[in-house]
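> Structure: target24.tsv, TSV, C-alpha atoms.
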```
chain	number	residue	atom	x	y	z
P	1	MET	CA	166.76	92.83	145.03
P	2	LEU	CA	163.58	92.58	143.00
P	3	ARG	CA	163.58	88.78	143.07
P	4	GLU	CA	163.68	88.67	146.87
P	5	ARG	CA	161.03	91.37	147.16
P	6	LEU	CA	158.70	89.43	144.88
P	7	ILE	CA	159.20	86.26	146.92
P	8	ASP	CA	158.61	88.24	150.13
P	9	ALA	CA	155.36	89.68	148.75
P	10	ALA	CA	154.18	86.27	147.48
P	11	GLU	CA	155.09	84.71	150.82
P	12	ARG	CA	153.01	87.27	152.75
P	13	THR	CA	150.02	86.67	150.47
P	14	ILE	CA	150.26	82.87	150.59
P	15	ALA	CA	150.84	82.76	154.36
P	16	ALA	CA	147.83	85.01	154.95
P	17	ASN	CA	145.30	83.82	152.38
P	18	GLY	CA	146.60	80.76	150.60
P	19	LEU	CA	147.45	79.94	147.02
P	20	THR	CA	144.21	80.98	145.35
P	21	SER	CA	144.71	84.58	146.48
P	22	LEU	CA	147.98	84.96	144.53
P	23	ARG	CA	147.69	87.23	141.47
P	24	ALA	CA	150.59	88.53	139.37
P	25	ARG	CA	148.83	91.88	139.06
P	26	ASP	CA	148.57	92.35	142.85
P	27	LEU	CA	152.19	91.32	143.35
P	28	ALA	CA	153.37	93.80	140.74
P	29	ARG	CA	151.40	96.58	142.38
P	30	GLU	CA	152.71	95.71	145.84
P	31	VAL	CA	156.33	95.58	144.74
P	32	GLY	CA	156.01	98.49	142.32
P	33	CYS	CA	156.96	96.85	139.04
P	34	ALA	CA	155.18	96.00	135.79
P	35	VAL	CA	153.38	92.65	135.57
P	36	GLY	CA	155.67	91.65	132.70
P	37	THR	CA	158.73	92.22	134.88
P	38	ILE	CA	157.67	89.30	137.11
P	39	TYR	CA	158.05	87.02	134.11
P	40	ASN	CA	161.53	88.36	133.43
P	41	VAL	CA	162.58	87.39	136.95
P	42	PHE	CA	160.67	84.08	137.18
P	43	GLU	CA	160.06	81.71	134.34
P	44	HIS	CA	156.42	81.34	135.41
P	45	LEU	CA	154.26	81.89	138.50
P	46	ASP	CA	154.86	78.24	139.51
P	47	GLU	CA	158.55	79.04	140.02
P	48	LEU	CA	157.67	81.91	142.35
P	49	ILE	CA	155.25	79.67	144.30
P	50	LEU	CA	157.99	77.03	144.63
P	51	CYS	CA	160.34	79.65	146.06
P	52	VAL	CA	157.76	80.37	148.76
P	53	GLY	CA	157.25	76.60	149.24
P	54	SER	CA	160.99	76.25	149.66
P	55	ARG	CA	160.90	78.71	152.55
P	56	THR	CA	158.07	76.74	154.15
P	57	LEU	CA	160.07	73.51	153.72
P	58	ALA	CA	163.08	75.20	155.35
P	59	MET	CA	160.96	76.35	158.32
P	60	LEU	CA	159.57	72.83	158.68
P	61	ASP	CA	163.05	71.34	158.45
P	62	THR	CA	164.21	73.63	161.27
P	63	ALA	CA	161.16	72.80	163.39
P	64	LEU	CA	161.72	69.05	163.02
P	65	GLY	CA	165.50	69.32	163.38
P	66	ALA	CA	165.14	71.20	166.68
P	67	ILE	CA	163.41	68.41	168.55
P	68	ARG	CA	165.80	65.56	167.82
P	69	LEU	CA	167.64	63.82	170.63
P	70	GLY	CA	171.12	65.29	170.90
P	71	ARG	CA	172.63	61.87	171.58
P	72	PRO	CA	172.68	58.56	169.69
P	73	TYR	CA	169.71	56.30	170.38
P	74	GLY	CA	170.43	53.66	173.01
P	75	SER	CA	167.53	51.39	172.05
P	76	PRO	CA	164.63	50.93	169.62
P	77	GLU	CA	162.42	52.49	172.32
P	78	ASP	CA	164.49	55.70	172.18
P	79	ALA	CA	164.06	55.73	168.43
P	80	ALA	CA	160.30	55.18	168.73
P	81	ASP	CA	160.14	58.08	171.21
P	82	ASP	CA	161.85	60.29	168.69
P	83	LEU	CA	159.45	59.28	165.92
P	84	VAL	CA	156.59	60.33	168.19
P	85	ARG	CA	158.33	63.65	168.93
P	86	LEU	CA	158.84	64.27	165.23
P	87	ALA	CA	155.15	63.57	164.56
P	88	LEU	CA	154.04	65.94	167.32
P	89	ALA	CA	156.40	68.65	166.08
P	90	TYR	CA	154.87	68.24	162.63
P	91	LEU	CA	151.40	68.69	164.10
P	92	GLU	CA	152.49	71.84	166.00
P	93	PHE	CA	153.97	73.29	162.84
P	94	ALA	CA	150.86	72.59	160.79
P	95	ALA	CA	148.57	73.98	163.49
P	96	LYS	CA	150.65	77.17	163.75
P	97	HIS	CA	151.28	77.77	160.04
P	98	THR	CA	148.16	76.12	158.65
P	99	VAL	CA	147.62	78.34	155.59
P	100	ARG	CA	151.17	78.26	154.20
P	101	TRP	CA	151.60	74.58	155.15
P	102	ARG	CA	148.43	73.70	153.25
P	103	ALA	CA	149.63	75.74	150.26
P	104	LEU	CA	152.76	73.60	150.16
P	105	PHE	CA	150.71	70.46	149.54
P	106	GLU	CA	147.97	71.93	147.38
P	107	HIS	CA	150.20	73.49	144.80
P	108	ARG	CA	150.37	71.61	141.51
P	109	MET	CA	152.55	72.63	138.59
P	110	SER	CA	150.45	73.85	135.68
P	111	GLU	CA	150.71	72.64	132.10
P	112	ALA	CA	152.18	69.29	133.12
P	113	ARG	CA	155.49	70.84	134.12
P	114	SER	CA	157.40	68.62	136.51
P	115	LEU	CA	158.84	69.75	139.83
P	116	PRO	CA	162.43	71.02	139.49
P	117	GLN	CA	165.09	68.77	140.95
P	118	TRP	CA	166.22	71.30	143.60
P	119	PHE	CA	162.71	71.29	145.08
P	120	VAL	CA	162.46	67.48	145.06
P	121	ASP	CA	165.85	67.33	146.80
P	122	GLN	CA	164.62	69.69	149.51
P	123	GLN	CA	161.56	67.48	150.09
P	124	HIS	CA	163.82	64.45	150.39
P	125	ALA	CA	165.95	66.24	152.98
P	126	LEU	CA	162.79	66.58	155.05
P	127	PHE	CA	161.99	62.85	154.81
P	128	ALA	CA	165.58	62.19	155.85
P	129	GLN	CA	164.74	63.58	159.30
P	130	VAL	CA	162.48	60.55	159.71
P	131	GLU	CA	165.18	58.17	158.49
P	132	ARG	CA	167.52	58.80	161.40
P	133	PRO	CA	165.42	57.05	164.10
P	134	LEU	CA	164.69	54.23	161.62
P	135	VAL	CA	168.40	53.37	161.53
P	136	THR	CA	168.11	52.28	165.16
P	137	LEU	CA	164.55	50.99	165.00
P	138	LEU	CA	165.21	48.74	162.01
P	139	ALA	CA	168.96	48.35	161.95
P	140	ASP	CA	168.96	45.62	159.28
P	141	LEU	CA	167.09	47.66	156.65
P	142	ASP	CA	169.08	48.70	153.61
P	143	PRO	CA	169.20	52.45	152.86
P	144	ASP	CA	166.74	52.31	149.92
P	145	ALA	CA	164.12	50.46	151.93
P	146	ARG	CA	164.66	52.85	154.83
P	147	ARG	CA	164.15	55.86	152.59
P	148	THR	CA	160.88	54.44	151.26
P	149	LEU	CA	159.65	53.61	154.74
P	150	ALA	CA	160.54	57.10	156.01
P	151	ARG	CA	158.39	58.62	153.25
P	152	THR	CA	155.53	56.27	154.11
P	153	LEU	CA	155.64	57.17	157.82
P	154	PHE	CA	155.83	60.86	156.97
P	155	SER	CA	152.76	60.44	154.74
P	156	ALA	CA	150.75	58.61	157.42
P	157	VAL	CA	151.51	61.36	159.94
P	158	HIS	CA	150.70	64.00	157.33
P	159	GLY	CA	147.30	62.40	156.69
P	160	ILE	CA	146.35	62.31	160.36
P	161	VAL	CA	147.39	65.93	160.78
P	162	ALA	CA	145.79	67.15	157.55
P	163	LEU	CA	142.37	65.57	158.10
P	164	GLY	CA	142.54	66.29	161.84
P	165	LEU	CA	143.07	70.00	161.25
P	166	GLU	CA	140.10	70.10	158.87
P	167	GLU	CA	137.75	69.92	161.80
P	168	LYS	CA	137.65	73.52	162.92
P	169	LEU	CA	140.01	73.35	165.82
P	170	VAL	CA	139.43	73.95	169.44
P	171	SER	CA	142.32	73.21	171.77
P	172	LEU	CA	140.54	70.18	173.18
P	173	LEU	CA	140.44	68.61	169.74
P	174	LEU	CA	144.11	69.41	169.29
P	175	LEU	CA	144.81	67.55	172.52
P	176	GLU	CA	142.94	64.52	171.24
P	177	LEU	CA	144.68	64.76	167.89
P	178	ARG	CA	148.02	64.70	169.68
P	179	SER	CA	147.26	61.52	171.58
P	180	GLN	CA	145.85	59.81	168.48
P	181	LEU	CA	148.93	60.74	166.50
P	182	ALA	CA	151.34	59.59	169.19
P	183	ALA	CA	149.52	56.27	169.59
P	184	THR	CA	149.45	55.56	165.87
P	185	VAL	CA	153.16	56.26	165.47
P	186	ARG	CA	153.91	54.11	168.52
P	187	ALA	CA	151.75	51.31	167.12
P	188	ILE	CA	153.56	51.52	163.79
P	189	ALA	CA	156.95	51.49	165.52
P	190	SER	CA	155.92	48.45	167.54
P	191	GLY	CA	155.06	46.55	164.34
P	192	ARG	CA	158.68	46.23	163.33
P	193	ASP	CA	158.33	42.78	161.83
P	194	GLN	CA	155.54	43.96	159.54
P	195	LEU	CA	157.53	46.99	158.43
P	196	ARG	CA	160.60	44.88	157.78
P	197	SER	CA	158.75	42.41	155.61
P	198	ALA	CA	157.17	45.22	153.57
P	199	ALA	CA	160.55	46.77	152.97
P	200	HIS	CA	161.84	43.47	151.65
P	201	LEU	CA	158.78	42.95	149.51
P	202	SER	CA	159.04	46.45	148.03
P	203	HIS	CA	162.65	45.98	147.32
P	204	ARG	CA	162.15	42.67	145.59
P	205	SER	CA	159.38	44.09	143.38
P	206	SER	CA	161.35	47.16	142.22
F	1	MET	CA	115.22	68.30	136.31
F	2	LEU	CA	117.42	71.38	136.22
F	3	ARG	CA	119.00	70.65	139.61
F	4	GLU	CA	120.15	67.19	138.52
F	5	ARG	CA	121.40	68.47	135.17
F	6	LEU	CA	123.48	71.12	136.92
F	7	ILE	CA	124.97	68.53	139.27
F	8	ASP	CA	125.69	66.24	136.28
F	9	ALA	CA	127.46	69.07	134.44
F	10	ALA	CA	129.47	70.10	137.51
F	11	GLU	CA	130.37	66.45	138.12
F	12	ARG	CA	131.69	66.03	134.57
F	13	THR	CA	133.81	69.18	134.91
F	14	ILE	CA	135.18	68.30	138.35
F	15	ALA	CA	135.91	64.67	137.42
F	16	ALA	CA	137.76	65.76	134.28
F	17	ASN	CA	139.62	68.89	135.39
F	18	GLY	CA	139.18	69.41	139.10
F	19	LEU	CA	137.68	72.14	141.24
F	20	THR	CA	139.49	75.14	139.83
F	21	SER	CA	137.95	74.56	136.40
F	22	LEU	CA	134.40	75.03	137.70
F	23	ARG	CA	132.78	78.29	136.56
F	24	ALA	CA	129.10	79.20	136.99
F	25	ARG	CA	129.15	80.81	133.54
F	26	ASP	CA	130.36	77.61	131.84
F	27	LEU	CA	127.82	75.48	133.70
F	28	ALA	CA	124.99	77.80	132.70
F	29	ARG	CA	126.05	77.64	129.08
F	30	GLU	CA	126.36	73.82	129.14
F	31	VAL	CA	122.95	73.31	130.72
F	32	GLY	CA	121.29	76.14	128.80
F	33	CYS	CA	120.12	78.39	131.62
F	34	ALA	CA	120.99	81.88	132.87
F	35	VAL	CA	123.83	82.20	135.37
F	36	GLY	CA	121.40	83.67	137.90
F	37	THR	CA	119.21	80.57	137.64
F	38	ILE	CA	122.00	78.47	139.22
F	39	TYR	CA	121.67	80.61	142.34
F	40	ASN	CA	117.92	80.03	142.41
F	41	VAL	CA	118.54	76.28	142.50
F	42	PHE	CA	121.59	76.27	144.78
F	43	GLU	CA	122.19	78.66	147.63
F	44	HIS	CA	125.80	79.10	146.47
F	45	LEU	CA	128.39	77.32	144.34
F	46	ASP	CA	129.68	75.52	147.45
F	47	GLU	CA	126.37	73.69	147.72
F	48	LEU	CA	126.67	72.47	144.14
F	49	ILE	CA	130.25	71.33	144.78
F	50	LEU	CA	129.10	69.44	147.88
F	51	CYS	CA	126.45	67.66	145.81
F	52	VAL	CA	129.21	66.42	143.51
F	53	GLY	CA	131.33	65.55	146.56
F	54	SER	CA	128.41	63.57	147.91
F	55	ARG	CA	128.38	61.46	144.74
F	56	THR	CA	132.12	60.83	145.14
F	57	LEU	CA	131.58	59.83	148.78
F	58	ALA	CA	128.82	57.43	147.69
F	59	MET	CA	131.10	55.85	145.05
F	60	LEU	CA	133.83	55.47	147.65
F	61	ASP	CA	131.39	53.99	150.13
F	62	THR	CA	130.34	51.41	147.55
F	63	ALA	CA	133.95	50.59	146.67
F	64	LEU	CA	134.90	50.04	150.32
F	65	GLY	CA	131.67	48.22	151.12
F	66	ALA	CA	132.23	45.75	148.30
F	67	ILE	CA	135.43	44.29	149.66
F	68	ARG	CA	134.33	43.43	153.18
F	69	LEU	CA	134.33	39.86	154.40
F	70	GLY	CA	130.85	38.44	154.11
F	71	ARG	CA	131.18	36.60	157.42
F	72	PRO	CA	131.89	37.72	160.99
F	73	TYR	CA	135.57	37.92	161.87
F	74	GLY	CA	136.86	34.83	163.62
F	75	SER	CA	139.97	36.48	165.05
F	76	PRO	CA	141.88	39.76	165.35
F	77	GLU	CA	143.99	38.52	162.40
F	78	ASP	CA	140.84	38.35	160.23
F	79	ALA	CA	140.03	41.89	161.25
F	80	ALA	CA	143.57	43.08	160.47
F	81	ASP	CA	143.30	41.42	157.04
F	82	ASP	CA	140.14	43.36	156.41
F	83	LEU	CA	141.75	46.66	157.43
F	84	VAL	CA	144.47	45.98	154.88
F	85	ARG	CA	141.87	45.18	152.21
F	86	LEU	CA	140.00	48.40	152.99
F	87	ALA	CA	143.24	50.39	152.69
F	88	LEU	CA	144.09	48.79	149.34
F	89	ALA	CA	140.56	49.41	148.05
F	90	TYR	CA	140.97	53.06	149.04
F	91	LEU	CA	144.22	53.23	147.09
F	92	GLU	CA	142.59	51.65	144.01
F	93	PHE	CA	139.73	54.13	144.16
F	94	ALA	CA	142.06	57.11	144.48
F	95	ALA	CA	144.29	55.87	141.66
F	96	LYS	CA	141.29	55.34	139.38
F	97	HIS	CA	139.34	58.52	140.22
F	98	THR	CA	142.26	60.75	141.15
F	99	VAL	CA	140.87	64.09	139.99
F	100	ARG	CA	137.43	63.88	141.60
F	101	TRP	CA	138.86	62.21	144.73
F	102	ARG	CA	141.34	65.06	145.13
F	103	ALA	CA	138.54	67.60	144.63
F	104	LEU	CA	136.69	66.04	147.56
F	105	PHE	CA	139.55	66.88	149.92
F	106	GLU	CA	140.62	70.20	148.45
F	107	HIS	CA	137.25	71.87	148.55
F	108	ARG	CA	136.87	74.41	151.35
F	109	MET	CA	133.68	76.30	152.05
F	110	SER	CA	134.06	79.98	151.22
F	111	GLU	CA	133.22	82.86	153.53
F	112	ALA	CA	133.64	80.77	156.68
F	113	ARG	CA	130.49	78.78	155.98
F	114	SER	CA	130.52	75.48	157.82
F	115	LEU	CA	129.85	72.10	156.20
F	116	PRO	CA	126.16	71.15	156.26
F	117	GLN	CA	125.25	68.36	158.66
F	118	TRP	CA	124.06	65.98	155.90
F	119	PHE	CA	127.54	66.08	154.35
F	120	VAL	CA	129.30	65.55	157.68
F	121	ASP	CA	126.99	62.56	158.31
F	122	GLN	CA	127.93	61.06	154.96
F	123	GLN	CA	131.65	61.41	155.79
F	124	HIS	CA	131.04	59.67	159.11
F	125	ALA	CA	129.28	56.81	157.36
F	126	LEU	CA	132.50	56.29	155.42
F	127	PHE	CA	134.63	56.19	158.57
F	128	ALA	CA	132.15	53.66	159.95
F	129	GLN	CA	133.39	51.17	157.34
F	130	VAL	CA	136.70	51.18	159.21
F	131	GLU	CA	134.98	50.75	162.58
F	132	ARG	CA	133.62	47.32	161.82
F	133	PRO	CA	136.97	45.45	161.86
F	134	LEU	CA	137.97	47.46	164.95
F	135	VAL	CA	135.12	45.87	166.90
F	136	THR	CA	136.95	42.54	166.63
F	137	LEU	CA	140.47	43.92	166.73
F	138	LEU	CA	139.89	45.93	169.92
F	139	ALA	CA	136.79	44.39	171.45
F	140	ASP	CA	137.08	46.31	174.73
F	141	LEU	CA	137.05	49.76	173.17
F	142	ASP	CA	133.97	51.85	173.81
F	143	PRO	CA	132.09	53.15	170.73
F	144	ASP	CA	133.34	56.75	171.03
F	145	ALA	CA	136.97	55.72	171.24
F	146	ARG	CA	136.45	53.31	168.33
F	147	ARG	CA	134.96	56.06	166.18
F	148	THR	CA	137.91	58.33	166.88
F	149	LEU	CA	140.40	55.57	166.13
F	150	ALA	CA	138.62	54.69	162.87
F	151	ARG	CA	138.96	58.30	161.73
F	152	THR	CA	142.65	58.29	162.67
F	153	LEU	CA	143.34	55.11	160.71
F	154	PHE	CA	141.40	56.42	157.74
F	155	SER	CA	143.52	59.60	157.87
F	156	ALA	CA	146.81	57.71	158.03
F	157	VAL	CA	145.82	55.62	155.00
F	158	HIS	CA	144.63	58.75	153.22
F	159	GLY	CA	148.00	60.44	153.82
F	160	ILE	CA	149.99	57.52	152.42
F	161	VAL	CA	147.74	57.36	149.37
F	162	ALA	CA	147.63	61.13	148.81
F	163	LEU	CA	151.38	61.76	148.98
F	164	GLY	CA	152.09	58.47	147.21
F	165	LEU	CA	149.94	59.42	144.24
F	166	GLU	CA	151.69	62.79	143.96
F	167	GLU	CA	154.73	61.12	142.47
F	168	LYS	CA	153.73	60.78	138.87
F	169	LEU	CA	152.68	57.18	138.85
F	170	VAL	CA	154.02	54.30	136.94
F	171	SER	CA	152.55	50.91	137.77
F	172	LEU	CA	155.77	49.83	139.47
F	173	LEU	CA	155.40	52.68	141.94
F	174	LEU	CA	151.79	51.71	142.51
F	175	LEU	CA	152.96	48.20	143.38
F	176	GLU	CA	155.40	49.59	145.91
F	177	LEU	CA	152.77	51.92	147.31
F	178	ARG	CA	150.49	48.91	147.82
F	179	SER	CA	153.03	46.98	149.83
F	180	GLN	CA	153.99	50.02	151.91
F	181	LEU	CA	150.35	50.70	152.65
F	182	ALA	CA	149.58	47.11	153.59
F	183	ALA	CA	152.62	46.91	155.87
F	184	THR	CA	151.81	50.14	157.67
F	185	VAL	CA	148.23	49.11	158.32
F	186	ARG	CA	149.42	45.70	159.53
F	187	ALA	CA	151.99	47.34	161.80
F	188	ILE	CA	149.30	49.62	163.23
F	189	ALA	CA	146.95	46.69	163.76
F	190	SER	CA	149.70	44.76	165.53
F	191	GLY	CA	150.22	47.63	167.98
F	192	ARG	CA	146.94	47.01	169.73
F	193	ASP	CA	148.18	47.90	173.19
F	194	GLN	CA	149.38	51.30	171.98
F	195	LEU	CA	146.08	51.99	170.22
F	196	ARG	CA	144.10	50.96	173.27
F	197	SER	CA	146.03	53.22	175.61
F	198	ALA	CA	145.61	56.19	173.24
F	199	ALA	CA	141.89	55.60	173.08
F	200	HIS	CA	141.69	55.67	176.85
F	201	LEU	CA	143.87	58.79	177.04
F	202	SER	CA	141.74	60.59	174.44
F	203	HIS	CA	138.62	59.66	176.21
F	204	ARG	CA	139.89	60.88	179.55
F	205	SER	CA	141.00	64.20	178.09
F	206	SER	CA	137.69	64.92	176.35
```
I need this file expressed as structure tokens, please.

Amino acid sequence: MLRERLIDAAERTIAANGLTSLRARDLAREVGCAVGTIYNVFEHLDELILCVGSRTLAMLDTALGAIRLGRPYGSPEDAADDLVRLALAYLEFAAKHTVRWRALFEHRMSEARSLPQWFVDQQHALFAQVERPLVTLLADLDPDARRTLARTLFSAVHGIVALGLEEKLVSLLLLELRSQLAATVRAIASGRDQLRSAAHLSHRSS
Amino acid sequence: MLRERLIDAAERTIAANGLTSLRARDLAREVGCAVGTIYNVFEHLDELILCVGSRTLAMLDTALGAIRLGRPYGSPEDAADDLVRLALAYLEFAAKHTVRWRALFEHRMSEARSLPQWFVDQQHALFAQVERPLVTLLADLDPDARRTLARTLFSAVHGIVALGLEEKLVSLLLLELRSQLAATVRAIASGRDQLRSAAHLSHRSS
């Protein structure tokens, strides 16, 4: 199917060389169609890029889903352990798939288009992986506050990974990055009172 | 001076429309020189972009420097308060100067050039703002471990701000982002034992 072949070609280009290397003309040549045909299949190039982003999100979802404890958490410490594991799995993913992972975060819709709802929903499904340990870690949090907190933790981990991977990596640095990441997540998890009060504050203000 | 005028023009373009809008041809036209002249003044366009980035770093340094306590910290709680203030000042800066702040982090050197040392030094000076409260918060940390931890905290705050500002902002969201940010930094600061053990681990592994 032409649609799939175009996404495949765009995916190869983005995974190898990033977003800026994507050109409709090159894609058309690779797939063997006219440039105009791309715009019959996709509303605009942003839609095609989101389809590739969706595949990256699915890969990331699988990578994070694979490391979860198979059993219910017995204690807040179990849940904190799992948050650390999730953070480290995120780092591994980003280190292994750096170019396509970066493309996921650098892409901005052109002409003030907003992200389609299906893509936003897929992002939220990813944050939901972080929510599960929070149910045990902060049992008294209501679901809205938990969702917000999950997104915040995800963002903090993302920042440490993103700026950490900027330094041209040697494996020694990656080792250090791992221990920094684990410690920060553990420190956050240990500050349960602070997190709880923020959740209540946020909720009151919204 | 032509060099300054070129930086001024590039700064206006980047602050208004971001990195992708920067074209040597447009700059030459705006300043009234030949395109080739730009490459007499700057080794490559990356150098010009770094000069603009350097101005953004200086603005950020001023913004963070302005909010510090004028007196020495009396307690770890004072130091934690200051970490929260630094994080909130970072959020304000990013919310106010979103386009040029984003350009600072999205720019990558082309052709595998590495960042010049003067630029790396300026980045480190920024992280040093975060080190000061850490001296009180974790008095027993050696300077290397403190530097690493400062960079990690900066990155975590950066991640929360960067992904938080992606959601098209209304002021209500900004309010929520503030309280999430403050709580996370407070939670991290409260997990001093975890941070200390990571610092020692990192140091041993390097």
> Could you work out how far CA of Lys96 in chain P lies from CA of Glu30 in chain P, giving the answer in Å with one decimal?
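Rounded to one decimal, the two atoms are 25.9 Å apart.
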> Excluding Ile188 in chain P and residues on its chain fewer than 6 positions from it, collect all residues at most 10 Å away from it, counting only C-alpha atoms, and give them as number ranges by chain.
P: 80, 83, 153, 156, 182, 194-195; F: 183-192, 194-195
> Between chain F and chain P, at 10 Å or less, what are the per-residue closest atom pairs and their distances in Å? Count all atoms listed in the file, order by chain and rising residue number, and return it as JSON lines.

```
{"residue": "F:Thr20", "atom": "CA", "partner": "P:Thr20", "partner_atom": "CA", "distance": 9.3}
{"residue": "F:Arg102", "atom": "CA", "partner": "P:Glu106", "partner_atom": "CA", "distance": 9.8}
{"residue": "F:Phe105", "atom": "CA", "partner": "P:Leu163", "partner_atom": "CA", "distance": 8.8}
{"residue": "F:Glu106", "atom": "CA", "partner": "P:Glu106", "partner_atom": "CA", "distance": 7.6}
{"residue": "F:Arg108", "atom": "CA", "partner": "P:Glu166", "partner_atom": "CA", "distance": 9.2}
{"residue": "F:Ser114", "atom": "CA", "partner": "P:Lys168", "partner_atom": "CA", "distance": 9.0}
{"residue": "F:Leu115", "atom": "CA", "partner": "P:Glu167", "partner_atom": "CA", "distance": 9.9}
{"residue": "F:Thr148", "atom": "CA", "partner": "P:Gln180", "partner_atom": "CA", "distance": 8.2}
{"residue": "F:Leu149", "atom": "CA", "partner": "P:Gln180", "partner_atom": "CA", "distance": 7.3}
{"residue": "F:Arg151", "atom": "CA", "partner": "P:Ile160", "partner_atom": "CA", "distance": 8.5}
{"residue": "F:Thr152", "atom": "CA", "partner": "P:Ile160", "partner_atom": "CA", "distance": 5.9}
{"residue": "F:Leu153", "atom": "CA", "partner": "P:Ile160", "partner_atom": "CA", "distance": 7.8}
{"residue": "F:Phe154", "atom": "CA", "partner": "P:Ile160", "partner_atom": "CA", "distance": 8.1}
{"residue": "F:Ser155", "atom": "CA", "partner": "P:Ile160", "partner_atom": "CA", "distance": 4.6}
{"residue": "F:Ala156", "atom": "CA", "partner": "P:Ala156", "partner_atom": "CA", "distance": 4.1}
{"residue": "F:Val157", "atom": "CA", "partner": "P:Ala156", "partner_atom": "CA", "distance": 6.3}
{"residue": "F:His158", "atom": "CA", "partner": "P:Gly159", "partner_atom": "CA", "distance": 5.7}
{"residue": "F:Gly159", "atom": "CA", "partner": "P:Gly159", "partner_atom": "CA", "distance": 3.5}
{"residue": "F:Ile160", "atom": "CA", "partner": "P:Ser155", "partner_atom": "CA", "distance": 4.6}
{"residue": "F:Val161", "atom": "CA", "partner": "P:Ser155", "partner_atom": "CA", "distance": 8.0}
{"residue": "F:Ala162", "atom": "CA", "partner": "P:Ser155", "partner_atom": "CA", "distance": 7.9}
{"residue": "F:Leu163", "atom": "CA", "partner": "P:Ser155", "partner_atom": "CA", "distance": 6.1}
{"residue": "F:Gly164", "atom": "CA", "partner": "P:Ser155", "partner_atom": "CA", "distance": 7.8}
{"residue": "F:Glu166", "atom": "CA", "partner": "P:Arg108", "partner_atom": "CA", "distance": 9.2}
{"residue": "F:Glu167", "atom": "CA", "partner": "P:Leu115", "partner_atom": "CA", "distance": 9.9}
{"residue": "F:Lys168", "atom": "CA", "partner": "P:Ser114", "partner_atom": "CA", "distance": 9.0}
{"residue": "F:Leu172", "atom": "CA", "partner": "P:Ser206", "partner_atom": "CA", "distance": 6.8}
{"residue": "F:Leu173", "atom": "CA", "partner": "P:Ser206", "partner_atom": "CA", "distance": 8.1}
{"residue": "F:Leu175", "atom": "CA", "partner": "P:Ser205", "partner_atom": "CA", "distance": 7.6}
{"residue": "F:Glu176", "atom": "CA", "partner": "P:Ser202", "partner_atom": "CA", "distance": 5.3}
{"residue": "F:Leu177", "atom": "CA", "partner": "P:Ser202", "partner_atom": "CA", "distance": 8.4}
{"residue": "F:Arg178", "atom": "CA", "partner": "P:Ser202", "partner_atom": "CA", "distance": 8.9}
{"residue": "F:Ser179", "atom": "CA", "partner": "P:Ala198", "partner_atom": "CA", "distance": 5.9}
{"residue": "F:Gln180", "atom": "CA", "partner": "P:Ala198", "partner_atom": "CA", "distance": 6.0}
{"residue": "F:Leu181", "atom": "CA", "partner": "P:Thr152", "partner_atom": "CA", "distance": 7.7}
{"residue": "F:Ala182", "atom": "CA", "partner": "P:Ala198", "partner_atom": "CA", "distance": 7.8}
{"residue": "F:Ala183", "atom": "CA", "partner": "P:Ala198", "partner_atom": "CA", "distance": 5.4}
{"residue": "F:Thr184", "atom": "CA", "partner": "P:Ile188", "partner_atom": "CA", "distance": 6.5}
{"residue": "F:Val185", "atom": "CA", "partner": "P:Ile188", "partner_atom": "CA", "distance": 8.0}
{"residue": "F:Arg186", "atom": "CA", "partner": "P:Gln194", "partner_atom": "CA", "distance": 6.4}
{"residue": "F:Ala187", "atom": "CA", "partner": "P:Gly191", "partner_atom": "CA", "distance": 4.1}
{"residue": "F:Ile188", "atom": "CA", "partner": "P:Ile188", "partner_atom": "CA", "distance": 4.7}
{"residue": "F:Ala189", "atom": "CA", "partner": "P:Ala187", "partner_atom": "CA", "distance": 7.5}
{"residue": "F:Ser190", "atom": "CA", "partner": "P:Gly191", "partner_atom": "CA", "distance": 5.8}
{"residue": "F:Gly191", "atom": "CA", "partner": "P:Ala187", "partner_atom": "CA", "distance": 4.1}
{"residue": "F:Arg192", "atom": "CA", "partner": "P:Ala187", "partner_atom": "CA", "distance": 7.0}
{"residue": "F:Asp193", "atom": "CA", "partner": "P:Ala187", "partner_atom": "CA", "distance": 7.8}
{"residue": "F:Gln194", "atom": "CA", "partner": "P:Ala187", "partner_atom": "CA", "distance": 5.4}
{"residue": "F:Leu195", "atom": "CA", "partner": "P:Ala183", "partner_atom": "CA", "distance": 5.5}
{"residue": "F:Arg196", "atom": "CA", "partner": "P:Ala183", "partner_atom": "CA", "distance": 8.4}
{"residue": "F:Ser197", "atom": "CA", "partner": "P:Ala183", "partner_atom": "CA", "distance": 7.6}
{"residue": "F:Ala198", "atom": "CA", "partner": "P:Ala183", "partner_atom": "CA", "distance": 5.3}
{"residue": "F:Ala199", "atom": "CA", "partner": "P:Gln180", "partner_atom": "CA", "distance": 7.4}
{"residue": "F:His200", "atom": "CA", "partner": "P:Ser179", "partner_atom": "CA", "distance": 9.6}
{"residue": "F:Leu201", "atom": "CA", "partner": "P:Ser179", "partner_atom": "CA", "distance": 7.0}
{"residue": "F:Ser202", "atom": "CA", "partner": "P:Glu176", "partner_atom": "CA", "distance": 5.2}
{"residue": "F:His203", "atom": "CA", "partner": "P:Glu176", "partner_atom": "CA", "distance": 8.2}
{"residue": "F:Arg204", "atom": "CA", "partner": "P:Glu176", "partner_atom": "CA", "distance": 9.6}
{"residue": "F:Ser205", "atom": "CA", "partner": "P:Glu176", "partner_atom": "CA", "distance": 7.1}
{"residue": "F:Ser206", "atom": "CA", "partner": "P:Leu172", "partner_atom": "CA", "distance": 6.8}
```
> What's around Leu27 in chain P at 12 Å? Count only C-alpha atoms, leave out sequence neighbours fewer than 3 positions away in its own chain, and write the answer as a ChimeraX atom specification.
/P:2-3,5-14,21-24,30-39,45,48
